[in-house]
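Student: One file is attached below, model27.cif, containing mmCIF, C-alpha atoms and all ligand atoms.
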```cif
data_protein
#
loop_
_atom_site.group_PDB
_atom_site.id
_atom_site.type_symbol
_atom_site.label_atom_id
_atom_site.label_comp_id
_atom_site.auth_asym_id
_atom_site.auth_seq_id
_atom_site.Cartn_x
_atom_site.Cartn_y
_atom_site.Cartn_z
ATOM 1 C CA MET A 1 2.218 -8.494 10.848
ATOM 2 C CA GLU A 2 0.940 -12.098 10.937
ATOM 3 C CA ASP A 3 -1.987 -11.424 8.574
ATOM 4 C CA ILE A 4 0.262 -9.409 6.275
ATOM 5 C CA ARG A 5 2.747 -12.279 6.102
ATOM 6 C CA LEU A 6 -0.006 -14.666 5.117
ATOM 7 C CA ALA A 7 -1.374 -12.215 2.540
ATOM 8 C CA ALA A 8 2.140 -11.763 1.132
ATOM 9 C CA SER A 9 2.614 -15.486 0.660
ATOM 10 C CA LEU A 10 -0.790 -15.749 -1.044
ATOM 11 C CA PHE A 11 0.115 -12.791 -3.278
ATOM 12 C CA PHE A 12 3.389 -14.366 -4.458
ATOM 13 C CA GLU A 13 1.738 -17.746 -5.000
ATOM 14 C CA LYS A 14 -0.390 -15.991 -7.594
ATOM 15 C CA ASN A 15 2.456 -13.869 -8.952
ATOM 16 C CA PRO A 16 5.449 -16.164 -9.485
ATOM 17 C CA GLY A 17 7.066 -13.609 -11.824
ATOM 18 C CA SER A 18 7.112 -11.029 -9.024
ATOM 19 C CA LYS A 19 8.531 -13.624 -6.669
ATOM 20 C CA ASN A 20 11.365 -14.377 -9.101
ATOM 21 C CA ALA A 21 12.097 -10.656 -9.415
ATOM 22 C CA ALA A 22 12.148 -10.374 -5.618
ATOM 23 C CA ARG A 23 14.532 -13.331 -5.388
ATOM 24 C CA ALA A 24 16.859 -11.696 -7.905
ATOM 25 C CA GLU A 25 16.775 -8.452 -5.918
ATOM 26 C CA PHE A 26 17.395 -10.249 -2.623
ATOM 27 C CA SER A 27 20.389 -12.036 -4.151
ATOM 28 C CA THR A 28 22.055 -8.647 -4.761
ATOM 29 C CA LEU A 29 22.112 -7.971 -1.001
ATOM 30 C CA ARG A 30 25.172 -8.985 0.948
ATOM 31 C CA GLU A 31 24.362 -11.927 3.166
ATOM 32 C CA ALA A 32 25.791 -11.622 6.667
ATOM 33 C CA LYS A 33 24.835 -15.264 7.320
ATOM 34 C CA PRO A 34 23.590 -17.852 4.821
ATOM 35 C CA GLY A 35 20.172 -16.642 3.602
ATOM 36 C CA ARG A 36 20.175 -13.693 5.993
ATOM 37 C CA VAL A 37 20.872 -10.021 5.460
ATOM 38 C CA ALA A 38 21.767 -7.755 8.371
ATOM 39 C CA LYS A 39 18.970 -5.395 9.357
ATOM 40 C CA LYS A 40 21.156 -2.315 8.816
ATOM 41 C CA ALA A 41 22.146 -3.328 5.259
ATOM 42 C CA PHE A 42 18.532 -4.137 4.549
ATOM 43 C CA GLY A 43 17.432 -0.714 5.795
ATOM 44 C CA GLU A 44 20.033 0.972 3.580
ATOM 45 C CA HIS A 45 18.803 -1.015 0.566
ATOM 46 C CA LEU A 46 15.233 0.093 1.277
ATOM 47 C CA GLN A 47 16.283 3.726 1.461
ATOM 48 C CA ARG A 48 18.113 3.463 -1.858
ATOM 49 C CA CYS A 49 15.166 1.761 -3.593
ATOM 50 C CA HIS A 50 12.431 3.939 -2.112
ATOM 51 C CA PRO A 51 14.000 7.359 -1.627
ATOM 52 C CA GLY A 52 10.622 9.100 -1.275
ATOM 53 C CA CYS A 53 9.556 6.803 1.527
ATOM 54 C CA SER A 54 10.315 6.802 5.233
ATOM 55 C CA THR A 55 11.594 3.287 5.910
ATOM 56 C CA LEU A 56 13.145 3.988 9.286
ATOM 57 C CA ASN A 57 11.517 1.224 11.350
ATOM 58 C CA LEU A 58 10.445 -1.031 8.553
ATOM 59 C CA ALA A 59 13.418 -3.396 8.688
ATOM 60 C CA SER A 60 12.809 -3.973 12.415
ATOM 61 C CA GLU A 61 9.132 -4.588 11.855
ATOM 62 C CA LEU A 62 9.901 -7.079 9.101
ATOM 63 C CA ASP A 63 12.381 -9.015 11.230
ATOM 64 C CA ALA A 64 9.934 -11.736 12.278
ATOM 65 C CA ASP A 65 12.208 -13.611 14.696
ATOM 66 C CA ARG A 66 13.887 -10.415 15.979
ATOM 67 C CA ASP A 67 17.405 -11.761 15.510
ATOM 68 C CA GLY A 68 18.669 -8.662 13.683
ATOM 69 C CA TYR A 69 18.748 -10.414 10.292
ATOM 70 C CA LEU A 70 16.185 -10.565 7.519
ATOM 71 C CA THR A 71 15.354 -13.622 5.460
ATOM 72 C CA PHE A 72 13.974 -13.866 1.955
ATOM 73 C CA GLU A 73 10.516 -14.429 3.493
ATOM 74 C CA ASP A 74 10.841 -11.123 5.376
ATOM 75 C CA PHE A 75 11.919 -9.477 2.133
ATOM 76 C CA LEU A 76 8.832 -10.831 0.355
ATOM 77 C CA VAL A 77 6.612 -9.161 2.944
ATOM 78 C CA CYS A 78 8.391 -5.896 2.201
ATOM 79 C CA CYS A 79 7.944 -6.327 -1.583
ATOM 80 C CA TYR A 80 4.291 -7.157 -1.061
ATOM 81 C CA LEU A 81 3.737 -3.966 0.953
ATOM 82 C CA PHE A 82 5.387 -1.788 -1.685
ATOM 83 C CA GLN A 83 3.449 -3.425 -4.506
ATOM 84 C CA THR A 84 0.034 -3.221 -2.887
ATOM 85 C CA ARG A 85 -0.022 -0.304 -0.394
ATOM 86 C CA PRO A 86 0.206 3.455 -0.709
ATOM 87 C CA VAL A 87 2.787 5.660 0.957
ATOM 88 C CA CYS A 88 1.388 8.269 3.375
ATOM 89 C CA ARG A 89 1.615 11.695 1.729
ATOM 90 C CA GLN A 90 2.618 13.345 4.989
ATOM 91 C CA CYS A 91 4.964 11.098 6.983
ATOM 92 C CA LYS A 92 6.000 9.044 3.886
ATOM 93 C CA ALA A 93 5.597 5.734 5.722
ATOM 94 C CA ILE A 94 4.070 2.810 3.882
ATOM 95 C CA ALA A 95 0.504 2.001 4.964
ATOM 96 C CA LYS A 96 0.341 -1.519 6.329
ATOM 97 C CA LEU A 97 -3.265 -2.111 7.328
ATOM 98 C CA VAL A 98 -5.430 1.002 7.406
ATOM 99 C CA PHE A 99 -5.097 4.130 5.330
ATOM 100 C CA TYR A 100 -7.390 7.014 4.487
ATOM 101 C CA THR A 101 -7.803 7.987 0.878
ATOM 102 C CA CYS A 102 -9.276 11.189 -0.541
ATOM 103 C CA LEU A 103 -12.417 10.047 -2.303
ATOM 104 C CA GLN A 104 -12.290 12.760 -4.939
ATOM 105 C CA CYS A 105 -8.670 12.039 -5.877
ATOM 106 C CA PHE A 106 -9.499 8.347 -5.891
ATOM 107 C CA VAL A 107 -12.287 8.851 -8.403
ATOM 108 C CA GLU A 108 -10.529 11.387 -10.603
ATOM 109 C CA GLY A 109 -7.097 9.834 -10.203
ATOM 110 C CA LYS A 110 -8.015 6.908 -12.361
ATOM 111 C CA SER A 111 -7.187 8.980 -15.403
ATOM 112 C CA LYS A 112 -5.569 12.132 -13.999
ATOM 113 C CA GLY A 113 -3.076 11.175 -11.344
ATOM 114 C CA PRO A 114 -2.232 9.276 -8.196
ATOM 115 C CA THR A 115 -4.481 8.845 -5.176
ATOM 116 C CA TYR A 116 -3.955 10.971 -2.059
ATOM 117 C CA ASP A 117 -3.526 8.706 0.955
ATOM 118 C CA LEU A 118 -2.753 9.279 4.623
ATOM 119 C CA CYS A 119 -1.884 6.928 7.472
ATOM 120 C CA PRO A 120 -4.320 7.083 10.442
ATOM 121 C CA LYS A 121 -2.045 9.369 12.513
ATOM 122 C CA CYS A 122 -1.522 11.867 9.720
ATOM 123 C CA TYR A 123 -5.218 11.740 8.869
ATOM 124 C CA ARG A 124 -6.060 12.634 12.484
ATOM 125 C CA ASP A 125 -3.483 15.416 12.674
ATOM 126 C CA ARG A 126 -3.850 16.743 9.150
ATOM 127 C CA ASN A 127 -3.959 20.417 8.407
ATOM 128 C CA LYS A 128 -7.187 20.705 6.449
ATOM 129 C CA SER A 129 -5.776 23.393 4.212
ATOM 130 C CA SER A 130 -2.932 21.161 3.052
ATOM 131 C CA HIS A 131 -5.157 19.310 0.573
ATOM 132 C CA PRO A 132 -7.974 20.869 -1.486
ATOM 133 C CA HIS A 133 -10.508 18.096 -0.739
ATOM 134 C CA ASN A 134 -11.905 17.054 2.616
ATOM 135 C CA LEU A 135 -13.745 13.820 2.099
ATOM 136 C CA PHE A 136 -11.605 10.874 3.165
ATOM 137 C CA VAL A 137 -12.596 7.247 3.662
ATOM 138 C CA ASP A 138 -10.542 4.377 5.026
ATOM 139 C CA ASN A 139 -9.662 1.553 2.682
ATOM 140 C CA TYR A 140 -12.293 -0.778 4.162
ATOM 141 C CA ALA A 141 -15.062 1.824 3.877
ATOM 142 C CA LEU A 142 -13.941 2.465 0.316
ATOM 143 C CA ALA A 143 -14.503 -1.170 -0.596
ATOM 144 C CA ASN A 144 -18.005 -0.948 0.891
ATOM 145 C CA ILE A 145 -18.824 2.292 -0.912
ATOM 146 C CA ILE A 146 -17.958 0.666 -4.204
ATOM 147 C CA ARG A 147 -20.154 -2.275 -3.290
ATOM 148 C CA ILE A 148 -23.160 -0.443 -1.805
ATOM 149 C CA PRO A 149 -23.274 3.380 -1.905
ATOM 150 C CA PRO A 150 -24.725 4.485 1.470
ATOM 151 C CA LYS A 151 -27.909 6.573 1.255
ATOM 152 C CA ASP A 152 -26.821 9.207 3.795
ATOM 153 C CA LEU A 153 -23.503 10.156 2.221
ATOM 154 C CA PRO A 154 -23.046 13.844 1.360
ATOM 155 C CA ILE A 155 -23.750 14.641 -2.272
ATOM 156 C CA GLU A 156 -20.069 14.984 -3.124
ATOM 157 C CA ALA A 157 -19.449 11.453 -1.933
ATOM 158 C CA LYS A 158 -22.491 10.134 -3.766
ATOM 159 C CA ILE A 159 -21.124 11.545 -6.982
ATOM 160 C CA GLY A 160 -17.729 10.118 -6.129
ATOM 161 C CA SER A 161 -19.037 6.685 -5.307
ATOM 162 C CA SER A 162 -21.274 6.509 -8.348
ATOM 163 C CA VAL A 163 -18.337 7.443 -10.583
ATOM 164 C CA ALA A 164 -16.220 4.859 -8.783
ATOM 165 C CA ILE A 165 -18.917 2.278 -9.328
ATOM 166 C CA GLY A 166 -19.135 3.295 -12.962
ATOM 167 C CA LEU A 167 -15.392 2.840 -13.373
ATOM 168 C CA THR A 168 -15.506 -0.482 -11.563
ATOM 169 C CA MET A 169 -18.377 -1.677 -13.709
ATOM 170 C CA ASP A 170 -16.626 -0.523 -16.889
ATOM 171 C CA LYS A 171 -13.573 -2.486 -15.864
ATOM 172 C CA LEU A 172 -15.604 -5.566 -15.036
ATOM 173 C CA LEU A 173 -17.528 -5.349 -18.288
ATOM 174 C CA SER A 174 -14.453 -4.804 -20.439
ATOM 175 C CA GLY A 175 -12.741 -7.672 -18.589
ATOM 176 C CA SER A 176 -15.619 -10.026 -19.309
ATOM 177 C CA GLY A 177 -15.370 -9.355 -23.036
ATOM 178 C CA ASN A 178 -18.926 -7.960 -23.366
HETATM 179 ZN ZN ZN B 1 1.501 9.396 7.847
HETATM 180 ZN ZN ZN B 2 -8.108 14.870 -3.016
#
```
So, in terms of structure tokens, how does the structure I just supplied come out?

Tutor:
Amino acid sequence: MEDIRLAASLFFEKNPGSKNAARAEFSTLREAKPGRVAKKAFGEHLQRCHPGCSTLNLASELDADRDGYLTFEDFLVCCYLFQTRPVCRQCKAIAKLVFYTCLQCFVEGKSKGPTYDLCPKCYRDRNKSSHPHNLFVDNYALANIIRIPPKDLPIEAKIGSSVAIGLTMDKLLSGSGN
């Protein structure tokens, strides 16, 4: 969680509006001690706000000093995860570090729908007939595919990566004003 905490603080440095929104949300929670919300109340809040997500152990994981209470800093880590990570389609847990995304849904999803993502455990144990596509890459490999399409990828992936690159390039070009 240490890297995630650092990434969360960097994220909110760049997004002060999101940080203000998070502060407003945190202020609606009942403080059991000054600046601290009991883990149970925090867990219940998470379940209310993210009903489609399994948040069972999240409050414990976010409790950095393991005292049973969560601070605003812990809450920011939670907000950061929900704003930047996908929820596993099978177990409904939020992906913290590594997730596997269906390359085809990733490419097509840009205009047609959401991505299809799995946590490592669900990716390993997945029933291959539960999703129509079979080409998954982890989030780190995905970044590399967009950067340099590997020569030995199956044709389906080559098409996928070239479309992804096309979309990325389009975005970059439109962003640069050319
Ligand atoms: Zn999962
Ligand atoms: Zn798919």

Student: Could you please determine the separation between atom CA of A:Ile94 and atom CA of A:Leu58 in Å, to one decimal place?

Tutor: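 Straight-line distance from atom CA of A:Ile94 to atom CA of A:Leu58 works out to 8.8 Å.
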
Student: Atom CA of A:Asp117 and atom CA of A:Pro16 are how many Å apart?

Tutor: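 About the pair atom CA of A:Asp117 and atom CA of A:Pro16: they are 28.4 Å apart.
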
Student: Could you list the protein, DNA and RNA residues that have any atom within 9 Å of ligand ZN 1 (chain B), counting only C-alpha atoms and all ligand atoms, and write them as JSON, numbers by chain?

Tutor: {"A": [87, 88, 89, 90, 91, 92, 93, 94, 95, 99, 117, 118, 119, 120, 121, 122, 123]}

Student: For ligand ZN 2 (chain B), collect every residue having any atom at a distance of at most 12 Å from a ligand atom (counting all atoms listed in the file); output as a CSV table (one decimal) with C-alpha atoms, keeping the file's coordinate frame.

Tutor:
```
chain,number,residue,atom,x,y,z
A,89,ARG,CA,1.6,11.7,1.7
A,100,TYR,CA,-7.4,7.0,4.5
A,101,THR,CA,-7.8,8.0,0.9
A,102,CYS,CA,-9.3,11.2,-0.5
A,103,LEU,CA,-12.4,10.0,-2.3
A,104,GLN,CA,-12.3,12.8,-4.9
A,105,CYS,CA,-8.7,12.0,-5.9
A,106,PHE,CA,-9.5,8.3,-5.9
A,107,VAL,CA,-12.3,8.9,-8.4
A,108,GLU,CA,-10.5,11.4,-10.6
A,109,GLY,CA,-7.1,9.8,-10.2
A,112,LYS,CA,-5.6,12.1,-14.0
A,113,GLY,CA,-3.1,11.2,-11.3
A,114,PRO,CA,-2.2,9.3,-8.2
A,115,THR,CA,-4.5,8.8,-5.2
A,116,TYR,CA,-4.0,11.0,-2.1
A,117,ASP,CA,-3.5,8.7,1.0
A,118,LEU,CA,-2.8,9.3,4.6
A,128,LYS,CA,-7.2,20.7,6.4
A,129,SER,CA,-5.8,23.4,4.2
A,130,SER,CA,-2.9,21.2,3.1
A,131,HIS,CA,-5.2,19.3,0.6
A,132,PRO,CA,-8.0,20.9,-1.5
A,133,HIS,CA,-10.5,18.1,-0.7
A,134,ASN,CA,-11.9,17.1,2.6
A,135,LEU,CA,-13.7,13.8,2.1
A,136,PHE,CA,-11.6,10.9,3.2
A,137,VAL,CA,-12.6,7.2,3.7
A,156,GLU,CA,-20.1,15.0,-3.1
A,157,ALA,CA,-19.4,11.5,-1.9
A,160,GLY,CA,-17.7,10.1,-6.1
```

Student: Calculate how many Å separate atom CA of A:Ala8 from atom CA of A:Thr71, rounding to one decimal.

Tutor: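 Interatomic distance, atom CA of A:Ala8 to atom CA of A:Thr71: 14.0 Å.
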
Student: Just the residues within 9 Å of A:Val37, please, counting all atoms listed in the file, with nothing from its chain fewer than 4 positions along; format it as a PyMOL selection string.

Tutor: chain A and resi 26+29-33+41-42+68-72

Student: Residues as selected, C-alpha atoms, written as a PDB file, keeping the file's coordinate frame, can you do that?

Tutor:
```pdb
ATOM      1  CA  PHE A  26      17.395 -10.249  -2.623  1.00  0.00           C
ATOM      2  CA  LEU A  29      22.112  -7.971  -1.001  1.00  0.00           C
ATOM      3  CA  ARG A  30      25.172  -8.985   0.948  1.00  0.00           C
ATOM      4  CA  GLU A  31      24.362 -11.927   3.166  1.00  0.00           C
ATOM      5  CA  ALA A  32      25.791 -11.622   6.667  1.00  0.00           C
ATOM      6  CA  LYS A  33      24.835 -15.264   7.320  1.00  0.00           C
ATOM      7  CA  ALA A  41      22.146  -3.328   5.259  1.00  0.00           C
ATOM      8  CA  PHE A  42      18.532  -4.137   4.549  1.00  0.00           C
ATOM      9  CA  GLY A  68      18.669  -8.662  13.683  1.00  0.00           C
ATOM     10  CA  TYR A  69      18.748 -10.414  10.292  1.00  0.00           C
ATOM     11  CA  LEU A  70      16.185 -10.565   7.519  1.00  0.00           C
ATOM     12  CA  THR A  71      15.354 -13.622   5.460  1.00  0.00           C
ATOM     13  CA  PHE A  72      13.974 -13.866   1.955  1.00  0.00           C
TER      14      PHE A  72
END
```

Student: Which residues fall under the PyMOL selection byres (((chain A and resi 43) around 9) and not hetatm) in this file, as JSON, numbers by chain?

Tutor: {"A": [38, 39, 40, 41, 42, 44, 45, 46, 47, 48, 55, 56, 57, 58, 59, 60]}

Student: Take the PyMOL selection byres (((chain A and resi 7) around 12) and not hetatm), apply it to the structure above, and return the hits as a ChimeraX atom specification.

Tutor: /A:1-6,8-14,76-81,84,96-97

Student: Can you report as JSON the centre and edge lengths in Å, to one decimal, of an axis-aligned box around the listed atoms of stretch 3-16 of chain A padded with 3 Å on each side?

Tutor:
```
{"center_x": 1.7, "center_y": -13.6, "center_z": -0.5, "size_x": 13.4, "size_y": 14.3, "size_z": 24.1}
```

Student: Point out the residue among A:Ile148, A:Cys49, A:Ala24, A:Val98 with the least atom-to-atom distance to A:Phe82, counting all atoms listed in the file.

Tutor: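 Checking each of A:Ile148, A:Cys49, A:Ala24, A:Val98 against A:Phe82, counting all atoms listed in the file, the winner is A:Cys49.
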
Student: Using the block above, I'd like stretch 8-108 of chain A written out, keeping C-alpha atoms and formatting it as an mmCIF file, in the first residue's frame.

Tutor:
```cif
data_model
loop_
_atom_site.group_PDB
_atom_site.id
_atom_site.type_symbol
_atom_site.label_atom_id
_atom_site.label_comp_id
_atom_site.auth_asym_id
_atom_site.auth_seq_id
_atom_site.Cartn_x
_atom_site.Cartn_y
_atom_site.Cartn_z
ATOM 1 C CA ALA A 8 -2.673 8.977 -4.167
ATOM 2 C CA SER A 9 -1.033 12.032 -2.652
ATOM 3 C CA LEU A 10 0.542 12.909 -6.014
ATOM 4 C CA PHE A 11 -2.846 12.448 -7.707
ATOM 5 C CA PHE A 12 -4.638 14.840 -5.328
ATOM 6 C CA GLU A 13 -1.837 17.399 -5.559
ATOM 7 C CA LYS A 14 -2.703 17.621 -9.238
ATOM 8 C CA ASN A 15 -6.459 17.430 -8.689
ATOM 9 C CA PRO A 16 -7.337 19.856 -5.887
ATOM 10 C CA GLY A 17 -11.007 19.853 -6.956
ATOM 11 C CA SER A 18 -11.210 16.097 -6.364
ATOM 12 C CA LYS A 19 -9.502 16.542 -3.021
ATOM 13 C CA ASN A 20 -12.082 19.141 -1.974
ATOM 14 C CA ALA A 21 -14.887 16.796 -3.028
ATOM 15 C CA ALA A 22 -13.274 14.003 -1.003
ATOM 16 C CA ARG A 23 -13.002 16.295 2.021
ATOM 17 C CA ALA A 24 -16.685 17.173 1.733
ATOM 18 C CA GLU A 25 -17.578 13.480 1.525
ATOM 19 C CA PHE A 26 -15.364 12.598 4.490
ATOM 20 C CA SER A 27 -17.013 15.341 6.550
ATOM 21 C CA THR A 28 -20.379 13.567 6.152
ATOM 22 C CA LEU A 29 -19.018 10.518 8.010
ATOM 23 C CA ARG A 30 -19.505 10.338 11.741
ATOM 24 C CA GLU A 31 -16.195 10.812 13.489
ATOM 25 C CA ALA A 32 -15.642 8.399 16.363
ATOM 26 C CA LYS A 33 -12.575 10.424 17.408
ATOM 27 C CA PRO A 34 -11.437 13.812 16.096
ATOM 28 C CA GLY A 35 -10.482 13.303 12.428
ATOM 29 C CA ARG A 36 -11.067 9.556 12.621
ATOM 30 C CA VAL A 37 -13.925 7.390 11.439
ATOM 31 C CA ALA A 38 -14.447 3.902 12.841
ATOM 32 C CA LYS A 39 -13.520 1.147 10.409
ATOM 33 C CA LYS A 40 -17.014 -0.381 10.553
ATOM 34 C CA ALA A 41 -18.768 2.916 9.712
ATOM 35 C CA PHE A 42 -16.262 3.476 6.951
ATOM 36 C CA GLY A 43 -16.945 0.019 5.514
ATOM 37 C CA GLU A 44 -20.695 0.692 5.575
ATOM 38 C CA HIS A 45 -20.163 4.005 3.761
ATOM 39 C CA LEU A 46 -18.128 2.226 1.083
ATOM 40 C CA GLN A 47 -20.852 -0.353 0.573
ATOM 41 C CA ARG A 48 -23.483 2.363 0.200
ATOM 42 C CA CYS A 49 -21.382 4.355 -2.291
ATOM 43 C CA HIS A 50 -20.152 1.400 -4.335
ATOM 44 C CA PRO A 51 -22.950 -1.160 -4.212
ATOM 45 C CA GLY A 52 -21.581 -3.120 -7.188
ATOM 46 C CA CYS A 53 -18.203 -3.542 -5.554
ATOM 47 C CA SER A 54 -16.934 -5.971 -2.946
ATOM 48 C CA THR A 55 -15.395 -3.740 -0.280
ATOM 49 C CA LEU A 56 -15.214 -6.334 2.463
ATOM 50 C CA ASN A 57 -11.545 -5.997 3.452
ATOM 51 C CA LEU A 58 -10.858 -2.619 1.977
ATOM 52 C CA ALA A 59 -11.363 -0.603 5.160
ATOM 53 C CA SER A 60 -8.848 -2.825 6.985
ATOM 54 C CA GLU A 61 -6.342 -2.516 4.186
ATOM 55 C CA LEU A 62 -6.704 1.258 4.190
ATOM 56 C CA ASP A 63 -6.186 1.534 7.943
ATOM 57 C CA ALA A 64 -2.490 2.421 7.748
ATOM 58 C CA ASP A 65 -1.734 2.427 11.485
ATOM 59 C CA ARG A 66 -4.091 -0.503 12.215
ATOM 60 C CA ASP A 67 -5.838 1.274 15.078
ATOM 61 C CA GLY A 68 -9.350 0.483 13.822
ATOM 62 C CA TYR A 69 -9.996 4.068 12.680
ATOM 63 C CA LEU A 70 -9.548 5.715 9.309
ATOM 64 C CA THR A 71 -8.197 9.195 8.726
ATOM 65 C CA PHE A 72 -8.821 11.576 5.863
ATOM 66 C CA GLU A 73 -5.488 10.443 4.364
ATOM 67 C CA ASP A 74 -6.735 6.832 4.379
ATOM 68 C CA PHE A 75 -9.952 8.025 2.759
ATOM 69 C CA LEU A 76 -7.981 9.779 0.008
ATOM 70 C CA VAL A 77 -6.265 6.501 -0.847
ATOM 71 C CA CYS A 78 -9.696 4.922 -1.188
ATOM 72 C CA CYS A 79 -10.955 7.757 -3.442
ATOM 73 C CA TYR A 80 -7.823 7.483 -5.543
ATOM 74 C CA LEU A 81 -8.363 3.744 -6.064
ATOM 75 C CA PHE A 82 -11.978 4.221 -7.129
ATOM 76 C CA GLN A 83 -11.094 7.051 -9.497
ATOM 77 C CA THR A 84 -8.199 5.320 -11.212
ATOM 78 C CA ARG A 85 -8.678 1.518 -10.994
ATOM 79 C CA PRO A 86 -11.174 -0.924 -12.437
ATOM 80 C CA VAL A 87 -13.363 -3.282 -10.448
ATOM 81 C CA CYS A 88 -12.816 -6.999 -11.150
ATOM 82 C CA ARG A 89 -15.752 -8.292 -13.199
ATOM 83 C CA GLN A 90 -15.820 -11.564 -11.289
ATOM 84 C CA CYS A 91 -15.096 -10.991 -7.591
ATOM 85 C CA LYS A 92 -16.053 -7.258 -7.745
ATOM 86 C CA ALA A 93 -12.978 -6.201 -5.765
ATOM 87 C CA ILE A 94 -11.145 -3.063 -6.794
ATOM 88 C CA ALA A 95 -7.815 -3.723 -8.530
ATOM 89 C CA LYS A 96 -5.000 -2.162 -6.552
ATOM 90 C CA LEU A 97 -1.810 -2.926 -8.448
ATOM 91 C CA VAL A 98 -2.170 -5.510 -11.200
ATOM 92 C CA PHE A 99 -5.207 -6.281 -13.294
ATOM 93 C CA TYR A 100 -5.790 -8.090 -16.562
ATOM 94 C CA THR A 101 -7.808 -6.374 -19.232
ATOM 95 C CA CYS A 102 -9.389 -7.901 -22.331
ATOM 96 C CA LEU A 103 -7.500 -6.318 -25.194
ATOM 97 C CA GLN A 104 -10.426 -6.437 -27.592
ATOM 98 C CA CYS A 105 -12.829 -4.773 -25.150
ATOM 99 C CA PHE A 106 -10.133 -2.237 -24.360
ATOM 100 C CA VAL A 107 -9.796 -1.269 -28.006
ATOM 101 C CA GLU A 108 -13.481 -1.333 -28.886
#
```
